[in-house]
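Listing of coords-v9.cif, mmCIF, C-alpha atoms
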data_target
loop_
_atom_site.label_atom_id
_atom_site.label_comp_id
_atom_site.auth_asym_id
_atom_site.auth_seq_id
_atom_site.Cartn_x
_atom_site.Cartn_y
_atom_site.Cartn_z
CA MET Y 1 186.64 107.35 252.99
CA GLU Y 2 185.14 106.91 249.58
CA ARG Y 3 186.43 103.86 247.78
CA ALA Y 4 187.81 104.28 244.26
CA PHE Y 5 185.20 101.74 243.22
CA ASP Y 6 182.34 103.93 244.48
CA HIS Y 7 183.71 106.90 242.66
CA GLN Y 8 184.02 105.06 239.34
CA LEU Y 9 180.59 103.51 239.85
CA GLU Y 10 179.00 106.93 240.27
CA GLU Y 11 180.65 108.03 237.03
CA LEU Y 12 179.31 104.89 235.29
CA LYS Y 13 175.79 105.61 236.58
CA ARG Y 14 176.07 109.11 235.22
CA GLN Y 15 177.07 107.72 231.80
CA ILE Y 16 174.09 105.33 231.82
CA LEU Y 17 171.75 108.23 232.62
CA VAL Y 18 173.17 110.30 229.75
CA MET Y 19 172.63 107.32 227.44
CA GLY Y 20 169.11 106.83 228.82
CA GLY Y 21 168.40 110.51 228.13
CA HIS Y 22 169.41 109.96 224.50
CA VAL Y 23 167.16 106.91 224.29
CA GLU Y 24 164.17 108.82 225.70
CA LYS Y 25 164.82 111.65 223.27
CA ALA Y 26 165.03 109.31 220.24
CA LEU Y 27 161.73 107.72 221.22
CA ALA Y 28 160.07 111.09 221.80
CA GLU Y 29 161.17 112.28 218.34
CA VAL Y 30 159.81 109.28 216.46
CA THR Y 31 156.48 109.21 218.28
CA ALA Y 32 156.11 112.97 217.73
CA GLY Y 33 157.07 112.46 214.08
CA LEU Y 34 154.15 110.07 213.70
CA ALA Y 35 151.60 112.02 215.75
CA GLU Y 36 152.42 115.37 214.11
CA ARG Y 37 153.18 113.89 210.68
CA ALA Y 38 156.56 115.65 210.91
CA GLY Y 39 159.08 113.62 208.89
CA ASP Y 40 162.02 115.80 209.93
CA LYS Y 41 161.80 114.37 213.44
CA PHE Y 42 162.73 110.94 212.04
CA ALA Y 43 166.05 112.33 210.82
CA LEU Y 44 166.75 113.56 214.35
CA ALA Y 45 166.23 110.03 215.68
CA HIS Y 46 169.03 108.79 213.40
CA GLU Y 47 171.36 111.47 214.75
CA ILE Y 48 170.53 110.60 218.34
CA GLU Y 49 171.03 106.90 217.68
CA LYS Y 50 174.62 107.58 216.64
CA LYS Y 51 175.20 109.14 220.07
CA ILE Y 52 173.60 106.11 221.75
CA ASN Y 53 176.02 103.83 219.90
CA GLU Y 54 178.95 105.96 221.05
CA ASP Y 55 177.58 105.89 224.61
CA GLN Y 56 177.42 102.10 224.46
CA ILE Y 57 181.09 101.73 223.64
CA LEU Y 58 182.06 104.17 226.41
CA VAL Y 59 179.99 102.29 228.99
CA ASP Y 60 181.32 98.91 227.89
CA ASN Y 61 184.90 100.16 228.20
CA ALA Y 62 184.19 101.68 231.60
CA CYS Y 63 182.74 98.36 232.82
CA MET Y 64 185.79 96.49 231.52
CA ASN Y 65 188.11 98.90 233.32
CA LEU Y 66 186.19 98.70 236.55
CA LEU Y 67 186.18 94.89 236.50
CA ALA Y 68 189.87 94.69 235.60
CA LYS Y 69 191.11 97.27 238.11
CA GLN Y 70 188.80 96.79 241.07
CA SER Y 71 187.96 93.07 240.85
CA PRO Y 72 184.57 93.58 242.53
CA VAL Y 73 182.77 90.66 244.17
CA ALA Y 74 179.22 89.88 245.40
CA LYS Y 75 176.80 92.79 245.08
CA ASP Y 76 179.35 95.11 243.43
CA LEU Y 77 180.05 92.47 240.80
CA ARG Y 78 176.32 91.89 240.20
CA LEU Y 79 175.91 95.63 239.77
CA ILE Y 80 178.62 95.89 237.11
CA LEU Y 81 177.30 92.86 235.24
CA SER Y 82 173.82 94.39 235.34
CA ILE Y 83 175.26 97.57 233.80
CA VAL Y 84 176.83 95.50 231.00
CA LYS Y 85 173.35 94.14 230.26
CA ILE Y 86 171.50 97.46 230.71
CA ASN Y 87 173.93 98.99 228.25
CA THR Y 88 172.99 96.38 225.64
CA ASP Y 89 169.28 96.97 226.23
CA LEU Y 90 169.62 100.75 225.87
CA GLU Y 91 171.50 100.33 222.61
CA ARG Y 92 168.74 98.03 221.28
CA MET Y 93 166.18 100.69 222.23
CA GLY Y 94 168.11 103.06 220.00
CA ASP Y 95 167.82 100.48 217.20
CA GLN Y 96 164.07 100.26 217.76
CA SER Y 97 163.73 104.05 217.52
CA VAL Y 98 165.54 103.97 214.18
CA ASN Y 99 163.32 101.12 212.97
CA ILE Y 100 160.28 103.23 213.87
CA ALA Y 101 161.80 106.17 211.98
CA TYR Y 102 162.21 104.05 208.82
CA THR Y 103 158.70 102.63 208.97
CA GLY Y 104 157.26 106.00 210.04
CA ARG Y 105 158.65 107.60 206.89
CA ASP Y 106 156.87 104.97 204.77
CA TYR Y 107 153.69 105.52 206.73
CA LEU Y 108 153.66 109.29 206.25
CA ALA Y 109 153.86 108.77 202.48
CA ARG Y 110 150.56 106.85 202.52
CA PRO Y 111 146.95 107.91 203.18
CA ALA Y 112 146.55 108.28 206.98
CA LEU Y 113 144.70 105.63 209.00
CA GLY Y 114 143.39 105.92 212.54
CA HIS Y 115 145.15 104.28 215.50
CA VAL Y 116 147.96 106.80 215.71
CA LYS Y 117 146.45 107.79 219.07
CA GLU Y 118 147.04 104.30 220.44
CA ILE Y 119 150.55 104.34 219.02
CA SER Y 120 151.23 107.68 220.76
CA ARG Y 121 149.92 106.22 224.00
CA MET Y 122 152.23 103.21 223.57
CA GLY Y 123 155.15 105.58 222.96
CA GLU Y 124 154.34 107.47 226.14
CA ILE Y 125 154.19 104.27 228.22
CA ALA Y 126 157.45 103.02 226.71
CA ARG Y 127 159.09 106.36 227.51
CA ARG Y 128 157.90 106.23 231.12
CA MET Y 129 159.13 102.64 231.35
CA VAL Y 130 162.69 103.44 230.31
CA LYS Y 131 162.78 106.50 232.54
CA GLY Y 132 161.35 104.57 235.48
CA ALA Y 133 163.68 101.62 234.95
CA LEU Y 134 166.73 103.88 234.95
CA ASP Y 135 165.50 105.82 237.99
CA SER Y 136 165.07 102.53 239.85
CA PHE Y 137 168.58 101.55 238.74
CA VAL Y 138 170.23 104.76 239.97
CA ARG Y 139 168.41 104.65 243.29
CA GLY Y 140 168.79 100.88 243.63
CA ASN Y 141 165.05 100.84 244.31
CA VAL Y 142 163.58 97.36 243.87
CA GLU Y 143 159.97 98.47 244.42
CA GLU Y 144 160.21 101.01 241.61
CA ALA Y 145 161.71 98.32 239.36
CA LYS Y 146 158.77 96.02 240.08
CA GLU Y 147 156.34 98.72 238.93
CA ILE Y 148 158.00 98.70 235.51
CA LEU Y 149 157.22 95.01 235.12
CA LEU Y 150 153.51 95.82 235.57
CA MET Y 151 153.58 98.65 233.03
CA ASP Y 152 154.72 96.19 230.38
CA ASP Y 153 151.33 94.44 230.56
CA GLU Y 154 149.58 97.69 229.65
CA LEU Y 155 151.89 98.10 226.65
CA ASP Y 156 151.23 94.53 225.49
CA ASP Y 157 147.46 95.04 225.77
CA LEU Y 158 147.64 98.17 223.62
CA LYS Y 159 149.82 96.38 221.06
CA ASN Y 160 147.27 93.54 220.87
CA LYS Y 161 144.42 96.04 220.44
CA VAL Y 162 146.26 97.84 217.60
CA PHE Y 163 147.01 94.48 215.98
CA HIS Y 164 143.46 93.17 216.10
CA ASP Y 165 141.86 96.47 215.07
CA LEU Y 166 144.18 96.84 212.11
CA CYS Y 167 143.72 93.23 210.98
CA ALA Y 168 139.96 93.87 210.95
CA HIS Y 169 140.56 97.12 209.07
CA MET Y 170 142.69 95.35 206.42
CA LYS Y 171 140.01 92.73 205.83
CA LYS Y 172 137.46 95.43 205.05
CA ASN Y 173 139.88 97.83 203.33
CA PRO Y 174 142.52 95.77 201.55
CA GLN Y 175 143.78 98.89 199.77
CA ASP Y 176 145.14 99.99 203.19
CA VAL Y 177 147.27 96.87 203.77
CA GLU Y 178 150.62 98.69 203.53
CA ALA Y 179 149.65 101.55 205.85
CA ALA Y 180 148.13 99.14 208.37
CA MET Y 181 151.25 96.96 208.27
CA ASP Y 182 153.39 100.03 208.96
CA LEU Y 183 151.43 100.76 212.14
CA ILE Y 184 151.44 97.12 213.21
CA LEU Y 185 155.24 97.00 212.83
CA ILE Y 186 155.63 100.26 214.75
CA ALA Y 187 153.42 98.93 217.56
CA ARG Y 188 155.67 95.86 217.73
CA ASN Y 189 158.79 98.05 217.85
CA LEU Y 190 157.27 99.90 220.80
CA GLU Y 191 156.43 96.61 222.47
CA ARG Y 192 160.08 95.57 222.12
CA PHE Y 193 161.11 98.93 223.53
CA GLY Y 194 159.05 98.05 226.59
CA ASP Y 195 160.60 94.56 226.71
CA HIS Y 196 164.04 96.13 226.96
CA ALA Y 197 162.85 98.41 229.78
CA THR Y 198 161.53 95.30 231.50
CA ASN Y 199 164.92 93.63 231.11
CA ILE Y 200 166.51 96.64 232.81
CA ALA Y 201 164.05 96.46 235.70
CA GLU Y 202 164.79 92.75 236.11
CA ASP Y 203 168.52 93.49 236.12
CA VAL Y 204 167.98 96.10 238.85
CA ILE Y 205 166.13 93.55 240.98
CA PHE Y 206 168.91 90.99 240.41
CA ALA Y 207 171.69 93.48 241.15
CA GLN Y 208 170.05 94.60 244.39
CA THR Y 209 168.74 91.31 245.73
CA GLY Y 210 170.59 88.54 243.89
CA GLN Y 211 167.12 87.25 243.07
CA ASP Y 212 166.47 86.12 239.50
CA VAL Y 213 162.97 87.14 238.39
CA ARG Y 214 163.51 86.48 234.71
CA HIS Y 215 161.73 83.18 234.34
CA GLY Y 216 158.65 83.57 236.48
CA GLY Y 217 160.64 83.71 239.70
CA GLN Y 218 158.96 85.17 242.80
CA GLN Y 219 158.56 88.92 242.61
CA MET T 220 200.43 73.60 233.99
CA GLU T 221 196.78 74.27 233.29
CA ARG T 222 195.47 77.33 235.09
CA ALA T 223 192.31 77.01 237.18
CA PHE T 224 190.90 79.73 234.96
CA ASP T 225 191.41 77.65 231.80
CA HIS T 226 189.75 74.68 233.41
CA GLN T 227 186.68 76.66 234.49
CA LEU T 228 186.54 78.37 231.10
CA GLU T 229 186.44 75.02 229.31
CA GLU T 230 183.55 73.99 231.56
CA LEU T 231 181.76 77.25 230.76
CA LYS T 232 182.23 76.69 227.02
CA ARG T 233 180.76 73.23 227.44
CA GLN T 234 177.72 74.71 229.18
CA ILE T 235 177.25 77.25 226.37
CA LEU T 236 177.38 74.45 223.79
CA VAL T 237 174.76 72.44 225.69
CA MET T 238 172.55 75.55 225.80
CA GLY T 239 173.19 76.17 222.09
CA GLY T 240 172.16 72.57 221.37
CA HIS T 241 168.86 73.22 223.15
CA VAL T 242 168.34 76.41 221.15
CA GLU T 243 168.98 74.59 217.84
CA LYS T 244 166.59 71.84 218.86
CA ALA T 245 163.82 74.29 219.83
CA LEU T 246 164.16 76.02 216.46
CA ALA T 247 164.20 72.71 214.57
CA GLU T 248 160.99 71.63 216.32
CA VAL T 249 159.03 74.77 215.54
CA THR T 250 160.11 74.95 211.90
CA ALA T 251 159.29 71.24 211.47
CA GLY T 252 155.95 71.87 213.21
CA LEU T 253 155.10 74.41 210.55
CA ALA T 254 156.46 72.53 207.54
CA GLU T 255 154.86 69.21 208.54
CA ARG T 256 151.74 70.79 210.07
CA ALA T 257 152.57 68.84 213.24
CA GLY T 258 151.26 70.81 216.23
CA ASP T 259 152.77 68.41 218.79
CA LYS T 260 156.23 69.72 217.88
CA PHE T 261 155.25 73.14 219.24
CA ALA T 262 154.68 71.62 222.67
CA LEU T 263 158.21 70.20 222.55
CA ALA T 264 159.58 73.70 221.93
CA HIS T 265 158.01 74.88 225.19
CA GLU T 266 159.67 72.01 227.06
CA ILE T 267 163.06 72.77 225.53
CA GLU T 268 162.72 76.47 226.32
CA LYS T 269 162.42 75.63 230.03
CA LYS T 270 165.80 73.89 229.79
CA ILE T 271 167.27 76.93 228.00
CA ASN T 272 166.09 79.16 230.86
CA GLU T 273 167.72 76.82 233.38
CA ASP T 274 170.90 76.82 231.29
CA GLN T 275 170.93 80.61 231.34
CA ILE T 276 170.93 80.83 235.12
CA LEU T 277 173.70 78.20 235.37
CA VAL T 278 175.88 80.08 232.87
CA ASP T 279 175.26 83.44 234.55
CA ASN T 280 176.26 81.99 237.92
CA ALA T 281 179.35 80.35 236.45
CA CYS T 282 180.41 83.69 234.92
CA MET T 283 179.88 85.46 238.25
CA ASN T 284 182.00 82.84 240.03
CA LEU T 285 184.77 83.01 237.48
CA LEU T 286 184.90 86.81 237.64
CA ALA T 287 184.82 86.85 241.44
CA LYS T 288 187.39 84.10 242.02
CA GLN T 289 189.83 84.57 239.14
CA SER T 290 189.62 88.35 238.54
CA PRO T 291 190.52 87.94 234.85
CA VAL T 292 191.90 90.88 232.86
CA ALA T 293 192.40 91.79 229.19
CA LYS T 294 191.42 89.03 226.75
CA ASP T 295 190.23 86.65 229.49
CA LEU T 296 187.94 89.36 230.85
CA ARG T 297 186.61 90.16 227.37
CA LEU T 298 185.91 86.48 226.89
CA ILE T 299 183.87 86.18 230.09
CA LEU T 300 181.92 89.36 229.33
CA SER T 301 181.20 88.03 225.86
CA ILE T 302 179.84 84.84 227.45
CA VAL T 303 177.55 86.95 229.67
CA LYS T 304 176.16 88.52 226.48
CA ILE T 305 176.04 85.30 224.43
CA ASN T 306 174.07 83.74 227.27
CA THR T 307 171.46 86.50 227.01
CA ASP T 308 171.21 86.10 223.24
CA LEU T 309 170.74 82.34 223.48
CA GLU T 310 167.97 82.79 226.02
CA ARG T 311 166.22 85.27 223.72
CA MET T 312 166.46 82.74 220.90
CA GLY T 313 164.56 80.37 223.15
CA ASP T 314 161.91 83.08 223.57
CA GLN T 315 161.67 83.48 219.80
CA SER T 316 161.16 79.73 219.36
CA VAL T 317 158.30 79.85 221.83
CA ASN T 318 156.80 82.87 220.05
CA ILE T 319 156.93 80.89 216.80
CA ALA T 320 155.24 77.96 218.56
CA TYR T 321 152.35 80.18 219.72
CA THR T 322 151.84 81.80 216.32
CA GLY T 323 152.41 78.47 214.55
CA ARG T 324 149.53 76.93 216.49
CA ASP T 325 147.23 79.75 215.33
CA TYR T 326 148.44 79.29 211.76
CA LEU T 327 147.76 75.54 211.68
CA ALA T 328 144.15 76.22 212.70
CA ARG T 329 143.60 78.31 209.55
CA PRO T 330 143.45 77.43 205.84
CA ALA T 331 147.03 76.92 204.63
CA LEU T 332 148.76 79.56 202.50
CA GLY T 333 151.94 79.18 200.47
CA HIS T 334 155.29 80.61 201.63
CA VAL T 335 155.95 77.94 204.23
CA LYS T 336 158.83 76.87 201.98
CA GLU T 337 160.49 80.28 202.42
CA ILE T 338 159.85 80.09 206.17
CA SER T 339 161.51 76.66 206.30
CA ARG T 340 164.47 78.04 204.40
CA MET T 341 164.70 80.92 206.88
CA GLY T 342 164.59 78.44 209.77
CA GLU T 343 167.43 76.43 208.20
CA ILE T 344 169.59 79.56 207.75
CA ALA T 345 168.88 80.69 211.32
CA ARG T 346 169.83 77.24 212.61
CA ARG T 347 173.10 77.27 210.68
CA MET T 348 173.78 80.78 211.98
CA VAL T 349 173.47 79.85 215.65
CA LYS T 350 175.50 76.66 215.13
CA GLY T 351 178.18 78.55 213.19
CA ALA T 352 178.30 81.39 215.71
CA LEU T 353 178.82 78.97 218.59
CA ASP T 354 181.43 76.96 216.66
CA SER T 355 183.32 80.20 216.00
CA PHE T 356 183.04 81.02 219.70
CA VAL T 357 184.41 77.68 220.92
CA ARG T 358 187.27 77.74 218.43
CA GLY T 359 187.87 81.47 218.90
CA ASN T 360 187.78 81.67 215.10
CA VAL T 361 187.22 85.24 213.91
CA GLU T 362 186.95 84.31 210.21
CA GLU T 363 184.11 81.89 210.95
CA ALA T 364 182.39 84.59 213.01
CA LYS T 365 182.58 87.03 210.08
CA GLU T 366 180.82 84.50 207.83
CA ILE T 367 177.83 84.58 210.18
CA LEU T 368 177.47 88.33 209.66
CA LEU T 369 177.09 87.71 205.92
CA MET T 370 174.47 84.98 206.39
CA ASP T 371 172.25 87.49 208.17
CA ASP T 372 171.81 89.41 204.92
CA GLU T 373 170.38 86.32 203.25
CA LEU T 374 167.91 85.92 206.13
CA ASP T 375 166.83 89.56 205.88
CA ASP T 376 166.29 89.25 202.12
CA LEU T 377 164.06 86.22 202.61
CA LYS T 378 162.11 88.00 205.36
CA ASN T 379 161.54 90.97 203.04
CA LYS T 380 160.40 88.64 200.25
CA VAL T 381 157.92 86.87 202.56
CA PHE T 382 156.67 90.25 203.78
CA HIS T 383 156.10 91.76 200.33
CA ASP T 384 154.59 88.59 198.84
CA LEU T 385 152.16 88.23 201.73
CA CYS T 386 151.15 91.91 201.68
CA ALA T 387 150.31 91.48 197.98
CA HIS T 388 148.41 88.29 198.83
CA MET T 389 146.37 90.06 201.55
CA LYS T 390 145.37 92.84 199.17
CA LYS T 391 143.94 90.31 196.73
CA ASN T 392 142.64 87.87 199.34
CA PRO T 393 141.57 89.86 202.39
CA GLN T 394 139.95 86.74 203.86
CA ASP T 395 143.49 85.43 204.42
CA VAL T 396 144.67 88.40 206.53
CA GLU T 397 145.05 86.41 209.76
CA ALA T 398 146.95 83.51 208.20
CA ALA T 399 149.22 85.89 206.28
CA MET T 400 149.89 87.90 209.44
CA ASP T 401 150.87 84.68 211.25
CA LEU T 402 153.49 83.92 208.63
CA ILE T 403 154.75 87.52 208.58
CA LEU T 404 155.20 87.43 212.36
CA ILE T 405 156.98 84.06 212.20
CA ALA T 406 159.31 85.39 209.50
CA ARG T 407 160.12 88.32 211.79
CA ASN T 408 160.77 85.97 214.72
CA LEU T 409 163.22 84.08 212.54
CA GLU T 410 164.87 87.33 211.50
CA ARG T 411 165.34 88.19 215.19
CA PHE T 412 166.76 84.71 215.75
CA GLY T 413 169.36 85.57 213.12
CA ASP T 414 169.99 88.95 214.76
CA HIS T 415 170.87 87.19 218.01
CA ALA T 416 173.25 84.86 216.15
CA THR T 417 174.82 87.97 214.62
CA ASN T 418 175.24 89.46 218.09
CA ILE T 419 177.07 86.29 219.16
CA ALA T 420 179.39 86.48 216.14
CA GLU T 421 180.15 90.13 216.95
CA ASP T 422 180.90 89.18 220.55
CA VAL T 423 183.30 86.49 219.34
CA ILE T 424 185.14 89.04 217.19
CA PHE T 425 185.30 91.46 220.12
CA ALA T 426 186.48 88.80 222.58
CA GLN T 427 189.24 87.62 220.25
CA THR T 428 190.45 90.91 218.83
CA GLY T 429 189.18 93.67 221.14
CA GLN T 430 187.72 95.16 217.96
CA ASP T 431 184.17 96.48 218.12
CA VAL T 432 182.29 95.70 214.90
CA ARG T 433 178.83 96.49 216.24
CA HIS T 434 178.28 99.90 214.72
CA GLY T 435 179.68 99.59 211.25
CA GLY T 436 183.25 99.18 212.49
CA GLN T 437 185.80 97.64 210.11
CA GLN T 438 185.25 93.95 209.56
#
Can the structure in the file be given as structure tokens, please?
Amino acid sequence: MERAFDHQLEELKRQILVMGGHVEKALAEVTAGLAERAGDKFALAHEIEKKINEDQILVDNACMNLLAKQSPVAKDLRLILSIVKINTDLERMGDQSVNIAYTGRDYLARPALGHVKEISRMGEIARRMVKGALDSFVRGNVEEAKEILLMDDELDDLKNKVFHDLCAHMKKNPQDVEAAMDLILIARNLERFGDHATNIAEDVIFAQTGQDVRHGGQQ
Amino acid sequence: MERAFDHQLEELKRQILVMGGHVEKALAEVTAGLAERAGDKFALAHEIEKKINEDQILVDNACMNLLAKQSPVAKDLRLILSIVKINTDLERMGDQSVNIAYTGRDYLARPALGHVKEISRMGEIARRMVKGALDSFVRGNVEEAKEILLMDDELDDLKNKVFHDLCAHMKKNPQDVEAAMDLILIARNLERFGDHATNIAEDVIFAQTGQDVRHGGQQ
């Protein structure tokens, strides 16, 4: 017999996946907006972010209901608390997409610099990270979650490369300071996107194993 | 008769205040390190951050226990879930302090620029925000929490001023790009510090009133 808890949990997982789909879409729009110099895609990101905010409230309410009505313990409780946290991270990813949209608009109004290729690559890694983190969550797959933690290093390396290259560019071409700063800020937004995906992966590991890997714990 | 729940909740509030004290101290050290050009204070921030990470795990476990053993509902449940979130925000503030310590060390190794005064002012506002947010939490005072949301605007304005002034400085003095970038990054870390304090204030309002003010809801 299926427990009521299991049924509601499946529904909650479905809601998280819908929200994750919105997050992926918002990120895809803003990175495409930059790569294709298509400002209209930034407006789409704002629309999608509104949906993400609505998703967040739905998920929070569903978690509250599940905790209040089912009083889960042990692994079930860890799972619900991890969803509360994952929900927050997904919403912050929506914020980051909107930040990229704002800065991207400024950037498109200036003479183009290089480095958009690296930014696109960062966007692609960040997108795979959020997708992978949510897949690992739905399947309860700790090994998949651990892979996400490794991908974050690649994202950080790219962010550092963009930062150093653009600092060097600004020193030689001070007239490009604003455009270079736009790209540096966007690279940092993408890094934070990846940080949130990493948080989700860590929550998956905690929910499944009870093991806290947040502060350099054994992986 | 005092309920067991009330007793454990008081203990949890005490733990959050201890953690908040560590967060304030870490921030005070790094801003003093910058203002006084005293690199040893950055090392202290790393030590304090370790305590914050330990605090986080203690608080998370205490929340898990309280949920599992007392099965709170309604306002009590909202309160515990808000503590789960506040805990995460405080830990991230510790991360931001450490980020400032790393960048601050780089900055002290370069020729000094101006604008440290604005950074110090930002640090002071951020410190008052976290203190105020936690005071509002402990007292369950919604009006105090709303004041924190207003302080965040002041912090954002200062961050924008630092950003624009330093971009103008880099254009005229490209040899100072690295030092200016250090200060820009530190200003952004402080802005994020304030964002976390804002999150806490919003959680307090939600816990007390059930009203969600995260996405432009009525304040």
Could you expand the PyMOL selection byres ((chain T) within 8 of (chain Y)) into the explicit residues it covers here, written as a compact mmCIF listing (two decimals) with C-alpha atoms, keeping the file's coordinate frame?
# COMPACT_ATOMS: atom_id res chain seq x y z
CA ASN T 272 166.09 79.16 230.86
CA MET T 283 179.88 85.46 238.25
CA LEU T 286 184.90 86.81 237.64
CA ALA T 287 184.82 86.85 241.44
CA SER T 290 189.62 88.35 238.54
CA PRO T 291 190.52 87.94 234.85
CA VAL T 292 191.90 90.88 232.86
CA ALA T 293 192.40 91.79 229.19
CA LEU T 296 187.94 89.36 230.85
CA ARG T 297 186.61 90.16 227.37
CA LYS T 304 176.16 88.52 226.48
CA CYS T 386 151.15 91.91 201.68
CA MET T 389 146.37 90.06 201.55
CA LYS T 390 145.37 92.84 199.17
CA LYS T 391 143.94 90.31 196.73
CA PRO T 393 141.57 89.86 202.39
CA GLN T 394 139.95 86.74 203.86
CA VAL T 396 144.67 88.40 206.53
CA GLU T 397 145.05 86.41 209.76
CA HIS T 434 178.28 99.90 214.72
Go through segment 258-377 of chain T and flag each residue having an atom no more than 8 Å from segment 224-247 of chain T; for those, report the closest pair of atoms plus their distance in Å to one decimal, using only C-alpha atoms, ordered by chain and rising number, as a Markdown table.
| residue | atom | partner | partner_atom | distance |
| --- | --- | --- | --- | --- |
| T:Leu263 | CA | T:Ala245 | CA | 7.5 |
| T:Ala264 | CA | T:Ala245 | CA | 4.8 |
| T:His265 | CA | T:Ala245 | CA | 7.9 |
| T:Ile267 | CA | T:Ala245 | CA | 5.9 |
| T:Glu268 | CA | T:Ala245 | CA | 6.9 |
| T:Lys270 | CA | T:His241 | CA | 7.3 |
| T:Ile271 | CA | T:Met238 | CA | 5.9 |
| T:Asp274 | CA | T:Met238 | CA | 5.9 |
| T:Gln275 | CA | T:Met238 | CA | 7.7 |
| T:Val278 | CA | T:Gln234 | CA | 6.8 |
| T:Ala281 | CA | T:Leu231 | CA | 6.9 |
| T:Cys282 | CA | T:Leu231 | CA | 7.8 |
| T:Leu285 | CA | T:Gln227 | CA | 7.3 |
| T:Gln289 | CA | T:Phe224 | CA | 6.5 |
| T:Asn306 | CA | T:Ile235 | CA | 7.3 |
| T:Leu309 | CA | T:Gly239 | CA | 6.8 |
| T:Met312 | CA | T:Val242 | CA | 6.6 |
| T:Gly313 | CA | T:Val242 | CA | 5.8 |
| T:Ser316 | CA | T:Leu246 | CA | 5.6 |
| T:Gly342 | CA | T:Leu246 | CA | 7.1 |
| T:Arg346 | CA | T:Glu243 | CA | 5.9 |
| T:Val349 | CA | T:Glu243 | CA | 7.3 |
| T:Lys350 | CA | T:Gly239 | CA | 7.3 |
| T:Leu353 | CA | T:Leu236 | CA | 7.0 |
| T:Val357 | CA | T:Lys232 | CA | 6.6 |
Go ahead and write the residues just picked, C-alpha atoms, as a PDB file, in the frame of the given file.
ATOM      1  CA  LEU T 263     158.210  70.200 222.550  1.00  0.00           C
ATOM      2  CA  ALA T 264     159.580  73.700 221.930  1.00  0.00           C
ATOM      3  CA  HIS T 265     158.010  74.880 225.190  1.00  0.00           C
ATOM      4  CA  ILE T 267     163.060  72.770 225.530  1.00  0.00           C
ATOM      5  CA  GLU T 268     162.720  76.470 226.320  1.00  0.00           C
ATOM      6  CA  LYS T 270     165.800  73.890 229.790  1.00  0.00           C
ATOM      7  CA  ILE T 271     167.270  76.930 228.000  1.00  0.00           C
ATOM      8  CA  ASP T 274     170.900  76.820 231.290  1.00  0.00           C
ATOM      9  CA  GLN T 275     170.930  80.610 231.340  1.00  0.00           C
ATOM     10  CA  VAL T 278     175.880  80.080 232.870  1.00  0.00           C
ATOM     11  CA  ALA T 281     179.350  80.350 236.450  1.00  0.00           C
ATOM     12  CA  CYS T 282     180.410  83.690 234.920  1.00  0.00           C
ATOM     13  CA  LEU T 285     184.770  83.010 237.480  1.00  0.00           C
ATOM     14  CA  GLN T 289     189.830  84.570 239.140  1.00  0.00           C
ATOM     15  CA  ASN T 306     174.070  83.740 227.270  1.00  0.00           C
ATOM     16  CA  LEU T 309     170.740  82.340 223.480  1.00  0.00           C
ATOM     17  CA  MET T 312     166.460  82.740 220.900  1.00  0.00           C
ATOM     18  CA  GLY T 313     164.560  80.370 223.150  1.00  0.00           C
ATOM     19  CA  SER T 316     161.160  79.730 219.360  1.00  0.00           C
ATOM     20  CA  GLY T 342     164.590  78.440 209.770  1.00  0.00           C
ATOM     21  CA  ARG T 346     169.830  77.240 212.610  1.00  0.00           C
ATOM     22  CA  VAL T 349     173.470  79.850 215.650  1.00  0.00           C
ATOM     23  CA  LYS T 350     175.500  76.660 215.130  1.00  0.00           C
ATOM     24  CA  LEU T 353     178.820  78.970 218.590  1.00  0.00           C
ATOM     25  CA  VAL T 357     184.410  77.680 220.920  1.00  0.00           C
TER      26      VAL T 357
END
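The gap separating atom CA of Ala126 of chain Y from atom CA of Asn189 of chain Y is 10.2 Å, in Å to one decimal.
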If we count all atoms listed in the file, what is near Ser136 of chain Y at a cut-off of 8 Å, once residues fewer than 4 positions away on the same chain are taken out, given as number ranges by chain? Y: 132, 140-145, 201, 204
Quick one: which residues end up in the PyMOL selection byres ((chain Y and resi 109-122) around 9) for this structure, as a PyMOL selection string? chain Y and resi 31-32+34-35+104-108+123-127+154-156+158-159+161-162+165-166+176+178-180+183+186-187+190-191
Residue among Y:Asp157, Y:Ala197, Y:Ile205, Y:Lys41 lying closest to Glu91 of chain Y, counting only C-alpha atoms: Y:Ala197
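Atom pair atom CA of Lys294 of chain T / atom CA of Lys75 of chain Y: separated by 23.7 Å.
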